[in-house]
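Q: Below: one structure in structure tokens.
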2 protein chains.
Amino acid sequence: MCMADERATSIWMQPEGHERSGPGRRPGYSREQITRAAVQIADAEGVEAATMRRIAGELGTGAMSLYRYVPRRDDLFDLMIDLAMSEIELPDGPSGDWRSDLTLLARQIRATGLRHPWLIALLTSRPTLGPNLLRVHEFALGAFDGLGLDIDDITGFVGMLNDYVHSAVRREIGWLEEARRTGLDPERWKRDYMGPYVRQVVESGAFPLFNRSVLDSRTAHLATEERFRHGLDRILDAIAALIPSLCPR
Amino acid sequence: MCMADERATSIWMQPEGHERSGPGRRPGYSREQITRAAVQIADAEGVEAATMRRIAGELGTGAMSLYRYVPRRDDLFDLMIDLAMSEIELPDGPSGDWRSDLTLLARQIRATGLRHPWLIALLTSRPTLGPNLLRVHEFALGAFDGLGLDIDDITGFVGMLNDYVHSAVRREIGWLEEARRTGLDPERWKRDYMGPYVRQVVESGAFPLFNRSVLDSRTAHLATEERFRHGLDRILDAIAALIPSLCPR
DNA sequence: AACCATTCAGGTACCATGTACGCAAATGGA
DNA sequence: TCCATTTGCGTACATGGTACCTGAATGGTT
């Protein structure tokens, strides 16, 4: 009855299990080692390059060896997400200044997301709850503690912030990844691949406000980090405006 | 020199081209027909089931025939996105009541996203700008016209709304899709697959605010549509609070 | 009417993917 | 020394995108 139905539950319920001291060959690898290799490949060549064979090759072994450590490739994604999230460094608890706590958090998430361009896409396309995601989430919730909000409001605000950060980072990365996929460098992609179409749309005049957003925008030419910070401030302003205990300012 | 570099530009710059009346066999299919078949399959069995072979099979032909109409599978995704977005029905122009316009828009996007569970995931994972996305975007921008905002503020607010709607619908669908992928029905998935882990986390007591969000939430038991509406109202409240001409209310 | 450049249909083929299966090698307790 | 147990990993299969090629259909030109 050697742990029959391996996939009937989340991977977080199936620890490595290699810590017993019975008979049998000693394991030569580890989940963490495999996950780290997968992350490296995905960082450099995109998540679609992190195939089982490629990861195994990087470790100097065969593809099937990995299945002694990871039930399915999808579970490896969960492990990759958690490993990346573990890089987010946060204070032990909220400082009391919710706004600066959340600004710190948002920047950490953005930085980590940019270091691992696949992270946000995976994170938002599968429901996963690894320990490091829980840790980060708990910090976010904690920032709103003590403002007289009930738990539903708190989760709502954390959701708003997460939605912004994820979407903003996703947009930042979207172009870069698409350029990489098509094999062009980002500058060429914008000019040669998407540019002609946008120009045609603009010249058609069919979408006047879209045209203004392309032609008259001042923020479009800002550095991406600056844009991120502007959007973040706006979301935090919006949240502040919805917190009753801060409203009569 | 039969249109050499097909992939050097966006698919929206390469119309079907089958409208000339030169010599040669008449085409038996069309982009729209192929896209429609792909959408049907993706709706029923997930986007990963919409393979070239499967789509061609549905049309009673061979996989390679499709390449006469679509350069690459990725371009088919763009076409699918645009076909789905074409189902969003909107008034010709803004009504003057920005809030009701945007509520209508958000609900249309949500309904369309739920009808095509792959839509939002594709839309947010690749930068695409099909005609129908432009149409919808223009309507959103238009709702903010005449409130004395500059174009950067307008695009910012539209971005905030989009971020919310996309993230919310994505969350709604995430569970369903994950359940389908693992082959369980959503109820079993929540109880047998994710449930035990969440219970373990809760009982560990390591994340007290997360625990409250799981145990004490009132909104968690609401119908999903109700939750969506709450979140939408909150975002619209937040936006309203940031519009100067509405502030001294 | 005969021809032909052009276009479409779609079979075959190639390579890459996830992973089921099976067997040999290693390991520590009896 | 044996043996149940566990790992390492080669083989094999089904399935994926798509390059290439042949043959059929088509309409303009001679």
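In the structure tokens, each chain is lettered A, B, ... as it comes, each chain's residues begin at 1, and ligands are numbered from 1 in order of appearance.
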Write out, as a tab-separated table, each residue of chain A that has an atom at most 12 Å from chain D, together with the closest pair of atoms and their distance in Å to one decimal, counting only C-alpha atoms (C1' of nucleotides), rows going by chain and rising number.

A:
residue	atom	partner	partner_atom	distance
A:Cys2	CA	D:DT5	C1'	10.6
A:Gly17	CA	D:DT6	C1'	11.6
A:His18	CA	D:DT6	C1'	9.9
A:Arg20	CA	D:DT6	C1'	11.3
A:Ser21	CA	D:DT6	C1'	11.0
A:Gly22	CA	D:DT5	C1'	7.9
A:Pro23	CA	D:DT5	C1'	5.7
A:Gly24	CA	D:DT6	C1'	4.1
A:Arg25	CA	D:DT6	C1'	5.2
A:Arg26	CA	D:DT7	C1'	6.7
A:Pro27	CA	D:DT7	C1'	6.0
A:Gly28	CA	D:DT7	C1'	7.9
A:Tyr29	CA	D:DT7	C1'	9.9
A:Ser30	CA	D:DT7	C1'	11.9
A:Arg53	CA	D:DC9	C1'	11.8
A:Ala56	CA	D:DC9	C1'	10.7
A:Gly60	CA	D:DC9	C1'	11.3
A:Thr61	CA	D:DC9	C1'	7.7
A:Gly62	CA	D:DC9	C1'	5.7
A:Ala63	CA	D:DC9	C1'	7.7
A:Met64	CA	D:DC9	C1'	6.2
A:Ser65	CA	D:DG8	C1'	6.1
A:Leu66	CA	D:DG8	C1'	9.7
A:Tyr67	CA	D:DC9	C1'	10.6
A:Arg68	CA	D:DT7	C1'	7.7
A:Tyr69	CA	D:DT7	C1'	10.3

Q: Would you put the residues from that selection into a file with N, CA and C atoms, as a PDB file, in the first residue's frame?

A:
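File part04.pdb, as written:
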ATOM      1  N   CYS A   2       1.815   1.245  -0.876  1.00  0.00           N
ATOM      2  CA  CYS A   2       2.802   2.309  -0.896  1.00  0.00           C
ATOM      3  C   CYS A   2       2.219   3.631  -1.387  1.00  0.00           C
ATOM      4  N   GLY A  17       9.106  12.823   2.245  1.00  0.00           N
ATOM      5  CA  GLY A  17       9.019  11.464   2.764  1.00  0.00           C
ATOM      6  C   GLY A  17      10.338  10.729   2.717  1.00  0.00           C
ATOM      7  N   HIS A  18      11.413  11.453   2.426  1.00  0.00           N
ATOM      8  CA  HIS A  18      12.712  10.792   2.315  1.00  0.00           C
ATOM      9  C   HIS A  18      13.481  10.830   3.639  1.00  0.00           C
ATOM     10  N   ARG A  20      12.787   9.032   6.388  1.00  0.00           N
ATOM     11  CA  ARG A  20      12.817   7.807   7.197  1.00  0.00           C
ATOM     12  C   ARG A  20      14.168   7.098   6.976  1.00  0.00           C
ATOM     13  N   SER A  21      14.411   6.133   7.830  1.00  0.00           N
ATOM     14  CA  SER A  21      15.726   5.482   7.763  1.00  0.00           C
ATOM     15  C   SER A  21      15.568   3.981   7.544  1.00  0.00           C
ATOM     16  N   GLY A  22      14.638   3.607   6.683  1.00  0.00           N
ATOM     17  CA  GLY A  22      14.474   2.187   6.392  1.00  0.00           C
ATOM     18  C   GLY A  22      15.522   1.721   5.402  1.00  0.00           C
ATOM     19  N   PRO A  23      15.291   0.561   4.847  1.00  0.00           N
ATOM     20  CA  PRO A  23      16.215   0.067   3.830  1.00  0.00           C
ATOM     21  C   PRO A  23      15.970   0.780   2.504  1.00  0.00           C
ATOM     22  N   GLY A  24      16.734   0.451   1.527  1.00  0.00           N
ATOM     23  CA  GLY A  24      16.551   1.034   0.202  1.00  0.00           C
ATOM     24  C   GLY A  24      17.615   2.052  -0.118  1.00  0.00           C
ATOM     25  N   ARG A  25      17.769   2.261  -1.398  1.00  0.00           N
ATOM     26  CA  ARG A  25      18.796   3.182  -1.880  1.00  0.00           C
ATOM     27  C   ARG A  25      18.552   4.595  -1.364  1.00  0.00           C
ATOM     28  N   ARG A  26      19.607   5.331  -1.071  1.00  0.00           N
ATOM     29  CA  ARG A  26      19.482   6.726  -0.627  1.00  0.00           C
ATOM     30  C   ARG A  26      19.134   7.602  -1.819  1.00  0.00           C
ATOM     31  N   PRO A  27      18.262   8.560  -1.630  1.00  0.00           N
ATOM     32  CA  PRO A  27      17.940   9.461  -2.751  1.00  0.00           C
ATOM     33  C   PRO A  27      19.135  10.328  -3.119  1.00  0.00           C
ATOM     34  N   GLY A  28      19.329  10.548  -4.395  1.00  0.00           N
ATOM     35  CA  GLY A  28      20.465  11.333  -4.854  1.00  0.00           C
ATOM     36  C   GLY A  28      20.117  12.777  -5.135  1.00  0.00           C
ATOM     37  N   TYR A  29      18.841  13.068  -5.148  1.00  0.00           N
ATOM     38  CA  TYR A  29      18.411  14.428  -5.432  1.00  0.00           C
ATOM     39  C   TYR A  29      17.415  14.877  -4.379  1.00  0.00           C
ATOM     40  N   SER A  30      16.785  16.006  -4.603  1.00  0.00           N
ATOM     41  CA  SER A  30      15.786  16.485  -3.656  1.00  0.00           C
ATOM     42  C   SER A  30      14.810  17.384  -4.404  1.00  0.00           C
ATOM     43  N   ARG A  53      12.634  16.711 -19.190  1.00  0.00           N
ATOM     44  CA  ARG A  53      13.919  16.261 -19.745  1.00  0.00           C
ATOM     45  C   ARG A  53      15.007  17.303 -19.552  1.00  0.00           C
ATOM     46  N   ALA A  56      16.019  17.536 -15.916  1.00  0.00           N
ATOM     47  CA  ALA A  56      16.818  16.360 -15.575  1.00  0.00           C
ATOM     48  C   ALA A  56      18.207  16.478 -16.192  1.00  0.00           C
ATOM     49  N   GLY A  60      21.986  16.304 -14.697  1.00  0.00           N
ATOM     50  CA  GLY A  60      22.814  15.168 -15.088  1.00  0.00           C
ATOM     51  C   GLY A  60      22.148  13.824 -14.886  1.00  0.00           C
ATOM     52  N   THR A  61      20.830  13.792 -15.069  1.00  0.00           N
ATOM     53  CA  THR A  61      20.134  12.517 -14.884  1.00  0.00           C
ATOM     54  C   THR A  61      19.058  12.377 -15.951  1.00  0.00           C
ATOM     55  N   GLY A  62      18.234  11.368 -15.841  1.00  0.00           N
ATOM     56  CA  GLY A  62      17.179  11.141 -16.813  1.00  0.00           C
ATOM     57  C   GLY A  62      15.857  11.710 -16.352  1.00  0.00           C
ATOM     58  N   ALA A  63      14.975  11.963 -17.318  1.00  0.00           N
ATOM     59  CA  ALA A  63      13.711  12.620 -17.004  1.00  0.00           C
ATOM     60  C   ALA A  63      12.915  11.856 -15.953  1.00  0.00           C
ATOM     61  N   MET A  64      12.894  10.548 -16.063  1.00  0.00           N
ATOM     62  CA  MET A  64      12.029   9.775 -15.185  1.00  0.00           C
ATOM     63  C   MET A  64      12.468   9.773 -13.730  1.00  0.00           C
ATOM     64  N   SER A  65      13.708  10.145 -13.513  1.00  0.00           N
ATOM     65  CA  SER A  65      14.172  10.203 -12.122  1.00  0.00           C
ATOM     66  C   SER A  65      13.398  11.254 -11.331  1.00  0.00           C
ATOM     67  N   LEU A  66      12.996  12.317 -12.018  1.00  0.00           N
ATOM     68  CA  LEU A  66      12.317  13.402 -11.312  1.00  0.00           C
ATOM     69  C   LEU A  66      11.005  12.936 -10.691  1.00  0.00           C
ATOM     70  N   TYR A  67      10.414  11.927 -11.309  1.00  0.00           N
ATOM     71  CA  TYR A  67       9.096  11.494 -10.822  1.00  0.00           C
ATOM     72  C   TYR A  67       9.181  10.764  -9.488  1.00  0.00           C
ATOM     73  N   ARG A  68      10.404  10.484  -9.026  1.00  0.00           N
ATOM     74  CA  ARG A  68      10.548   9.962  -7.662  1.00  0.00           C
ATOM     75  C   ARG A  68      10.355  11.071  -6.639  1.00  0.00           C
ATOM     76  N   TYR A  69      10.395  12.319  -7.107  1.00  0.00           N
ATOM     77  CA  TYR A  69      10.355  13.448  -6.178  1.00  0.00           C
ATOM     78  C   TYR A  69       9.127  14.328  -6.366  1.00  0.00           C
TER      79      TYR A  69
END

Q: Show me a table, sorted first by chain and then by increasing residue number, of the residues of chain C having an atom at most 7 Å from chain A, each with its shortest atom pair and the distance in Å to one decimal, counting only C-alpha atoms (C1' of nucleotides) and written as JSON lines.

A:
{"residue": "C:DA26", "atom": "C1'", "partner": "A:Arg25", "partner_atom": "CA", "distance": 4.8}
{"residue": "C:DT27", "atom": "C1'", "partner": "A:Gly24", "partner_atom": "CA", "distance": 4.5}
{"residue": "C:DG28", "atom": "C1'", "partner": "A:Pro23", "partner_atom": "CA", "distance": 4.6}

Q: I need the chosen residues saved as a PDB file, in the first residue's frame, with C-alpha atoms (C1' of nucleotides).

A:
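selection05.pdb written:
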ATOM      1  C1'  DA C  26      21.921   0.291  -4.073  1.00  0.00           C
ATOM      2  C1'  DT C  27      20.798  -0.113   0.903  1.00  0.00           C
ATOM      3  C1'  DG C  28      20.143  -1.436   5.680  1.00  0.00           C
TER       4       DG C  28
END

Q: Could you fit chain B onto chain A with a least-squares superposition over all C-alpha atoms, matched one to one in order, and give me the transformed chain as a short mmCIF file (atom, residue, chain, number, x, y, z; two decimals) with C-alpha atoms, in the first residue's frame?

A:
data_model
loop_
_atom_site.label_atom_id
_atom_site.label_comp_id
_atom_site.auth_asym_id
_atom_site.auth_seq_id
_atom_site.Cartn_x
_atom_site.Cartn_y
_atom_site.Cartn_z
CA MET B 1 0.16 -0.14 -0.11
CA CYS B 2 2.92 2.28 -0.97
CA MET B 3 0.98 5.60 -0.86
CA ALA B 4 -1.48 4.60 -3.53
CA ASP B 5 -3.50 7.60 -4.72
CA GLU B 6 -0.75 10.19 -4.98
CA ARG B 7 -2.82 12.78 -6.79
CA ALA B 8 -5.91 12.74 -4.62
CA THR B 9 -4.60 15.69 -2.65
CA SER B 10 -2.48 18.80 -2.88
CA ILE B 11 1.28 18.48 -3.06
CA TRP B 12 1.60 20.34 0.22
CA MET B 13 0.05 17.31 1.87
CA GLN B 14 2.73 15.03 0.44
CA PRO B 15 6.06 15.90 2.02
CA GLU B 16 9.15 14.42 0.48
CA GLY B 17 8.95 11.43 2.74
CA HIS B 18 12.65 10.73 2.32
CA GLU B 19 13.49 11.29 5.94
CA ARG B 20 12.75 7.79 7.21
CA SER B 21 15.69 5.49 7.78
CA GLY B 22 14.44 2.20 6.43
CA PRO B 23 16.24 0.02 3.94
CA GLY B 24 16.63 0.99 0.30
CA ARG B 25 18.92 3.12 -1.76
CA ARG B 26 19.56 6.69 -0.54
CA PRO B 27 17.98 9.40 -2.69
CA GLY B 28 20.48 11.30 -4.83
CA TYR B 29 18.40 14.39 -5.37
CA SER B 30 15.76 16.45 -3.61
CA ARG B 31 12.65 18.41 -4.39
CA GLU B 32 14.42 21.62 -3.63
CA GLN B 33 17.31 20.80 -5.92
CA ILE B 34 14.96 19.91 -8.76
CA THR B 35 12.82 22.97 -8.17
CA ARG B 36 15.87 25.20 -8.13
CA ALA B 37 17.04 23.83 -11.47
CA ALA B 38 13.57 24.32 -12.94
CA VAL B 39 13.49 27.91 -11.73
CA GLN B 40 16.90 28.65 -13.24
CA ILE B 41 15.85 27.33 -16.63
CA ALA B 42 12.51 29.11 -16.54
CA ASP B 43 14.19 32.38 -15.61
CA ALA B 44 16.60 32.17 -18.50
CA GLU B 45 14.52 30.61 -21.26
CA GLY B 46 10.90 30.83 -20.25
CA VAL B 47 8.75 28.42 -18.31
CA GLU B 48 8.02 26.36 -21.42
CA ALA B 49 11.71 25.48 -21.60
CA ALA B 50 11.62 23.91 -18.15
CA THR B 51 10.66 20.46 -19.41
CA MET B 52 11.22 17.34 -17.40
CA ARG B 53 13.97 16.22 -19.74
CA ARG B 54 15.70 19.58 -19.65
CA ILE B 55 15.58 19.85 -15.88
CA ALA B 56 16.86 16.31 -15.50
CA GLY B 57 19.61 17.05 -18.03
CA GLU B 58 20.70 20.07 -16.01
CA LEU B 59 21.01 17.76 -13.01
CA GLY B 60 22.85 15.14 -15.00
CA THR B 61 20.18 12.49 -14.79
CA GLY B 62 17.23 11.10 -16.73
CA ALA B 63 13.78 12.57 -16.95
CA MET B 64 12.08 9.73 -15.14
CA SER B 65 14.18 10.14 -12.04
CA LEU B 66 12.36 13.34 -11.27
CA TYR B 67 9.12 11.46 -10.79
CA ARG B 68 10.52 9.95 -7.62
CA TYR B 69 10.34 13.44 -6.13
CA VAL B 70 7.45 15.17 -7.90
CA PRO B 71 4.17 13.45 -8.79
CA ARG B 72 3.41 15.56 -11.87
CA ARG B 73 4.83 18.48 -13.73
CA ASP B 74 1.98 20.67 -12.49
CA ASP B 75 3.06 20.05 -8.93
CA LEU B 76 6.51 21.22 -9.88
CA PHE B 77 4.91 24.53 -10.86
CA ASP B 78 3.51 24.84 -7.36
CA LEU B 79 6.94 24.18 -5.93
CA MET B 80 8.51 26.75 -8.26
CA ILE B 81 5.96 29.35 -7.20
CA ASP B 82 6.69 28.71 -3.57
CA LEU B 83 10.45 28.81 -4.04
CA ALA B 84 10.17 32.17 -5.79
CA MET B 85 7.83 33.52 -3.12
CA SER B 86 10.34 32.47 -0.49
CA GLU B 87 12.64 35.20 -1.79
CA ILE B 88 10.23 37.87 -0.61
CA GLU B 89 11.76 39.33 2.53
CA LEU B 90 9.41 40.95 5.00
CA PRO B 91 9.61 42.22 8.57
CA ASP B 92 8.39 39.85 11.22
CA GLY B 93 5.18 41.78 11.65
CA PRO B 94 3.41 44.93 10.56
CA SER B 95 5.07 48.19 11.60
CA GLY B 96 1.86 50.03 12.39
CA ASP B 97 2.14 52.17 9.26
CA TRP B 98 -0.11 50.23 6.92
CA ARG B 99 0.78 52.30 3.92
CA SER B 100 4.52 51.84 4.11
CA ASP B 101 4.11 48.15 4.90
CA LEU B 102 2.04 47.61 1.81
CA THR B 103 4.36 49.71 -0.34
CA LEU B 104 7.26 47.57 0.79
CA LEU B 105 5.28 44.42 0.08
CA ALA B 106 4.20 45.58 -3.36
CA ARG B 107 7.75 46.43 -4.35
CA GLN B 108 9.02 43.09 -3.13
CA ILE B 109 6.39 41.27 -5.13
CA ARG B 110 7.19 43.33 -8.20
CA ALA B 111 10.93 42.76 -7.87
CA THR B 112 10.44 39.04 -7.43
CA GLY B 113 8.01 38.91 -10.32
CA LEU B 114 10.51 40.63 -12.59
CA ARG B 115 13.31 38.31 -11.50
CA HIS B 116 11.10 35.34 -12.36
CA PRO B 117 9.02 36.44 -15.36
CA TRP B 118 6.89 33.30 -15.21
CA LEU B 119 5.89 33.74 -11.56
CA ILE B 120 2.86 35.99 -11.78
CA ALA B 121 1.45 34.15 -14.78
CA LEU B 122 1.59 30.84 -12.92
CA LEU B 123 0.40 32.35 -9.66
CA THR B 124 -2.72 33.82 -11.20
CA SER B 125 -3.55 30.88 -13.42
CA ARG B 126 -3.72 28.17 -10.78
CA PRO B 127 -5.10 28.28 -7.26
CA THR B 128 -2.13 27.43 -5.08
CA LEU B 129 -1.48 28.07 -1.41
CA GLY B 130 2.09 27.21 -0.63
CA PRO B 131 3.58 28.08 2.76
CA ASN B 132 5.41 31.11 1.45
CA LEU B 133 2.34 32.47 -0.28
CA LEU B 134 0.53 32.10 3.01
CA ARG B 135 3.33 33.92 4.80
CA VAL B 136 3.18 36.84 2.37
CA HIS B 137 -0.61 36.89 2.46
CA GLU B 138 -0.61 36.94 6.23
CA PHE B 139 1.71 39.94 6.22
CA ALA B 140 -0.63 41.77 3.85
CA LEU B 141 -3.62 41.00 6.04
CA GLY B 142 -1.67 42.07 9.09
CA ALA B 143 -0.97 45.51 7.65
CA PHE B 144 -4.70 46.27 7.89
CA ASP B 145 -5.06 44.94 11.40
CA GLY B 146 -5.92 47.47 14.05
CA LEU B 147 -7.70 49.90 11.73
CA GLY B 148 -11.11 48.82 12.93
CA LEU B 149 -11.93 46.82 9.84
CA ASP B 150 -13.70 43.50 9.79
CA ILE B 151 -12.07 40.53 8.13
CA ASP B 152 -14.12 40.80 4.95
CA ASP B 153 -13.02 44.38 4.39
CA ILE B 154 -9.43 43.39 5.06
CA THR B 155 -9.44 40.54 2.57
CA GLY B 156 -11.18 42.83 0.11
CA PHE B 157 -8.47 45.47 0.36
CA VAL B 158 -5.70 42.92 0.18
CA GLY B 159 -7.41 41.57 -2.90
CA MET B 160 -7.51 45.02 -4.46
CA LEU B 161 -3.83 45.52 -3.84
CA ASN B 162 -2.94 42.08 -5.13
CA ASP B 163 -5.05 42.59 -8.21
CA TYR B 164 -3.19 45.77 -8.98
CA VAL B 165 0.29 44.45 -8.32
CA HIS B 166 -0.27 41.27 -10.28
CA SER B 167 -1.85 43.04 -13.23
CA ALA B 168 0.78 45.75 -13.33
CA VAL B 169 3.69 43.36 -13.20
CA ARG B 170 1.99 41.13 -15.71
CA ARG B 171 1.68 44.05 -18.10
CA GLU B 172 5.34 44.92 -17.61
CA ILE B 173 6.37 41.38 -18.37
CA GLY B 174 3.83 40.69 -21.10
CA TRP B 175 5.69 42.59 -23.76
CA LEU B 176 9.06 41.22 -22.81
CA GLU B 177 7.84 37.65 -22.83
CA GLU B 178 5.97 38.05 -26.08
CA ALA B 179 9.09 39.51 -27.66
CA ARG B 180 11.12 36.59 -26.39
CA ARG B 181 8.55 34.11 -27.69
CA THR B 182 8.61 35.63 -31.16
CA GLY B 183 12.38 35.80 -31.07
CA LEU B 184 12.56 39.56 -31.53
CA ASP B 185 14.13 41.93 -29.06
CA PRO B 186 11.56 44.09 -27.24
CA GLU B 187 12.40 47.25 -29.19
CA ARG B 188 12.02 45.57 -32.57
CA TRP B 189 8.89 43.83 -31.43
CA LYS B 190 7.21 47.07 -30.48
CA ARG B 191 8.30 48.83 -33.66
CA ASP B 192 8.04 46.11 -36.31
CA TYR B 193 5.54 43.64 -34.93
CA MET B 194 2.90 45.63 -33.05
CA GLY B 195 3.78 49.11 -34.25
CA PRO B 196 2.38 48.99 -37.77
CA TYR B 197 -0.96 47.74 -36.54
CA VAL B 198 -1.26 50.37 -33.84
CA ARG B 199 -0.32 53.02 -36.39
CA GLN B 200 -3.02 51.75 -38.71
CA VAL B 201 -5.60 51.81 -35.93
CA VAL B 202 -4.58 55.32 -34.92
CA GLU B 203 -4.72 56.59 -38.49
CA SER B 204 -8.14 55.06 -39.01
CA GLY B 205 -9.42 57.40 -36.33
CA ALA B 206 -12.02 54.85 -35.29
CA PHE B 207 -11.12 55.01 -31.59
CA PRO B 208 -10.53 58.65 -30.63
CA LEU B 209 -9.95 58.08 -26.90
CA PHE B 210 -7.62 55.20 -27.59
CA ASN B 211 -5.77 57.55 -29.89
CA ARG B 212 -5.44 60.12 -27.15
CA SER B 213 -4.17 57.44 -24.78
CA VAL B 214 -1.51 56.54 -27.33
CA LEU B 215 -0.58 60.02 -28.56
CA ASP B 216 -1.21 62.38 -25.65
CA SER B 217 -0.13 60.28 -22.72
CA ARG B 218 2.55 61.68 -20.50
CA THR B 219 2.95 58.64 -18.28
CA ALA B 220 3.54 56.33 -21.24
CA HIS B 221 7.06 57.62 -21.52
CA LEU B 222 7.91 57.21 -17.87
CA ALA B 223 10.20 54.50 -16.66
CA THR B 224 8.29 51.38 -15.81
CA GLU B 225 9.14 51.58 -12.14
CA GLU B 226 7.85 55.12 -11.95
CA ARG B 227 4.59 54.01 -13.57
CA PHE B 228 4.30 51.18 -11.13
CA ARG B 229 4.73 53.53 -8.22
CA HIS B 230 2.12 55.93 -9.56
CA GLY B 231 -0.41 53.16 -9.94
CA LEU B 232 0.44 51.83 -6.52
CA ASP B 233 -0.05 55.22 -4.91
CA ARG B 234 -3.38 55.54 -6.65
CA ILE B 235 -4.56 52.18 -5.34
CA LEU B 236 -3.40 53.01 -1.85
CA ASP B 237 -5.17 56.38 -2.06
CA ALA B 238 -8.28 54.55 -3.14
CA ILE B 239 -8.04 52.12 -0.27
CA ALA B 240 -7.41 54.94 2.18
CA ALA B 241 -10.53 56.67 0.93
CA LEU B 242 -12.53 53.57 1.79
CA ILE B 243 -11.25 53.15 5.32
CA PRO B 244 -13.70 54.88 7.63
CA SER B 245 -11.23 55.52 10.43
CA LEU B 246 -9.04 57.46 8.00
CA CYS B 247 -11.80 59.28 6.15
CA PRO B 248 -12.35 62.42 8.26
CA ARG B 249 -8.83 63.56 7.49
#

Q: May I have all residues of range 67-105 of chain A that DSSP, computed from the backbone, assigns to helix (DSSP H, G or I), given as a PyMOL selection string?

A: chain A and resi 67-68+73-85+98-105
